[in-house]
file my_file16.pdb (PDB, C-alpha atoms)
MODEL        1
ATOM      1  CA  MET A   1       8.910 -11.990  13.337
ATOM      2  CA  VAL A   2       6.040 -13.896  14.876
ATOM      3  CA  GLU A   3       5.538 -10.979  17.255
ATOM      4  CA  LEU A   4       5.101  -8.588  14.341
ATOM      5  CA  LYS A   5       2.527 -10.818  12.676
ATOM      6  CA  GLU A   6       0.659 -11.219  15.969
ATOM      7  CA  TRP A   7       0.705  -7.455  16.468
ATOM      8  CA  ILE A   8      -0.676  -6.917  12.944
ATOM      9  CA  THR A   9      -3.462  -9.438  13.571
ATOM     10  CA  GLY A  10      -4.331  -7.743  16.857
ATOM     11  CA  LEU A  11      -4.242  -4.296  15.275
ATOM     12  CA  LYS A  12      -6.859  -5.301  12.704
ATOM     13  CA  THR A  13      -9.145  -6.389  15.544
ATOM     14  CA  GLU A  14      -8.469  -3.416  17.815
ATOM     15  CA  LYS A  15      -8.672  -0.809  15.051
ATOM     16  CA  PRO A  16     -11.176  -2.089  12.478
ATOM     17  CA  GLU A  17     -10.988   1.242  10.619
ATOM     18  CA  LEU A  18      -7.379   0.360   9.702
ATOM     19  CA  LYS A  19      -8.127  -3.202   8.614
ATOM     20  CA  ASP A  20      -8.001  -2.560   4.841
ATOM     21  CA  PHE A  21      -4.752  -0.600   5.105
ATOM     22  CA  VAL A  22      -3.116  -3.135   7.420
ATOM     23  CA  THR A  23      -4.201  -6.003   5.172
ATOM     24  CA  LYS A  24      -2.432  -4.344   2.240
ATOM     25  CA  LEU A  25       0.728  -3.953   4.330
ATOM     26  CA  GLU A  26       0.730  -7.635   5.297
ATOM     27  CA  GLY A  27       1.965  -8.520   1.819
ATOM     28  CA  PHE A  28       5.237  -6.794   2.654
ATOM     29  CA  ILE A  29       5.801  -8.621   5.945
ATOM     30  CA  SER A  30       7.491 -11.992   6.030
ATOM     31  CA  ASP A  31       9.100 -14.190   8.666
ATOM     32  CA  THR A  32      12.246 -12.086   8.313
ATOM     33  CA  GLY A  33      10.513  -8.734   8.771
ATOM     34  CA  PHE A  34       9.249  -5.837   6.679
ATOM     35  CA  SER A  35      10.447  -5.747   3.073
ATOM     36  CA  ALA A  36      11.081  -2.050   2.545
ATOM     37  CA  SER A  37      12.393  -2.483  -1.008
ATOM     38  CA  LYS A  38       9.309  -4.470  -2.062
ATOM     39  CA  PHE A  39       7.096  -1.809  -0.462
ATOM     40  CA  GLU A  40       8.971   1.059  -2.129
ATOM     41  CA  ASN A  41       8.693  -0.669  -5.504
ATOM     42  CA  ALA A  42       4.932  -1.132  -5.073
ATOM     43  CA  VAL A  43       4.537   2.533  -4.117
ATOM     44  CA  ALA A  44       6.545   3.626  -7.166
ATOM     45  CA  ILE A  45       4.378   1.494  -9.468
ATOM     46  CA  GLY A  46       1.212   2.889  -7.884
ATOM     47  CA  LEU A  47       2.460   6.444  -8.333
ATOM     48  CA  GLN A  48       3.305   5.790 -11.987
ATOM     49  CA  LYS A  49      -0.234   4.531 -12.586
ATOM     50  CA  LYS A  50      -1.753   7.605 -10.949
ATOM     51  CA  GLU A  51       0.539   9.933 -12.896
ATOM     52  CA  GLU A  52      -0.549   8.274 -16.133
ATOM     53  CA  GLU A  53      -4.219   8.682 -15.183
ATOM     54  CA  VAL A  54      -3.674  12.383 -14.456
ATOM     55  CA  ARG A  55      -1.732  12.841 -17.702
ATOM     56  CA  LYS A  56      -4.584  11.269 -19.697
ATOM     57  CA  THR A  57      -7.061  13.587 -17.980
ATOM     58  CA  PHE A  58      -4.990  16.656 -18.870
ATOM     59  CA  ILE A  59      -4.672  15.532 -22.485
ATOM     60  CA  ALA A  60      -8.412  14.895 -22.735
ATOM     61  CA  ASP A  61      -9.169  18.305 -21.218
ATOM     62  CA  ALA A  62      -6.700  20.046 -23.538
ATOM     63  CA  GLU A  63      -8.285  18.427 -26.583
ATOM     64  CA  ASP A  64     -11.740  19.665 -25.566
TER
ENDMDL
END
call {"tool": "encode", "arguments": {"input": "my_file16.pdb", "output": "structure tokens"}}
result
Amino acid sequence: MVELKEWITGLKTEKPELKDFVTKLEGFISDTGFSASKFENAVAIGLQKKEEEVRKTFIADAED
């Protein structure tokens, strides 16, 4: 997977506007490839956090 890591490094240089996004994705790439299950788990956790934030906002608005 050296080629993938090299491509990612090059992409950050060629497309600086994607650097932050690509850097976050690097945590899911290892020598064996892209860890889809690890990525899916991180997305699920992120969605749960956002749902909780929205829920708290609705509750606060309903109480006002």
call {"tool": "atom_distance", "arguments": {"input": "my_file16.pdb", "atom1": "CA of Gln48 (chain A)", "atom2": "CA of Ala62 (chain A)"}}
result
20.9 Å
call {"tool": "atom_distance", "arguments": {"input": "my_file16.pdb", "atom1": "CA of Thr13 (chain A)", "atom2": "CA of Ile45 (chain A)"}}
result
29.5 Å
call {"tool": "resolve_selection", "arguments": {"input": "my_file16.pdb", "expression": "the PyMOL selection byres ((chain A and resi 30) around 12)", "output": "list of chain:residue names"}}
result
A:Met1, A:Val2, A:Glu3, A:Leu4, A:Lys5, A:Ile8, A:Leu25, A:Glu26, A:Gly27, A:Phe28, A:Ile29, A:Asp31, A:Thr32, A:Gly33, A:Phe34, A:Ser35, A:Ala36, A:Lys38
call {"tool": "atom_distance", "arguments": {"input": "my_file16.pdb", "atom1": "CA of Glu53 (chain A)", "atom2": "CA of Ser37 (chain A)"}}
result
24.5 Å
call {"tool": "residues_around", "arguments": {"input": "my_file16.pdb", "residues": "Lys24 (chain A)", "least_positions_apart": "5", "cutoff": "12 Å", "atoms": "all atoms listed in the file", "output": "compact mmCIF listing (two decimals) with C-alpha atoms, keeping the file's coordinate frame"}}
result
# COMPACT_ATOMS: atom_id res chain seq x y z
CA ILE A 8 -0.68 -6.92 12.94
CA LYS A 12 -6.86 -5.30 12.70
CA LEU A 18 -7.38 0.36 9.70
CA LYS A 19 -8.13 -3.20 8.61
CA ILE A 29 5.80 -8.62 5.94
CA PHE A 39 7.10 -1.81 -0.46
CA ALA A 42 4.93 -1.13 -5.07
CA VAL A 43 4.54 2.53 -4.12
call {"tool": "axis_aligned_box", "arguments": {"input": "my_file16.pdb", "around": "region 43-58 of chain A", "padding_each_side": "4 Å", "output": "lines of an AutoDock Vina configuration file"}}
result
center_x = -0.3
center_y = 9.1
center_z = -11.9
size_x = 21.6
size_y = 23.2
size_z = 23.6
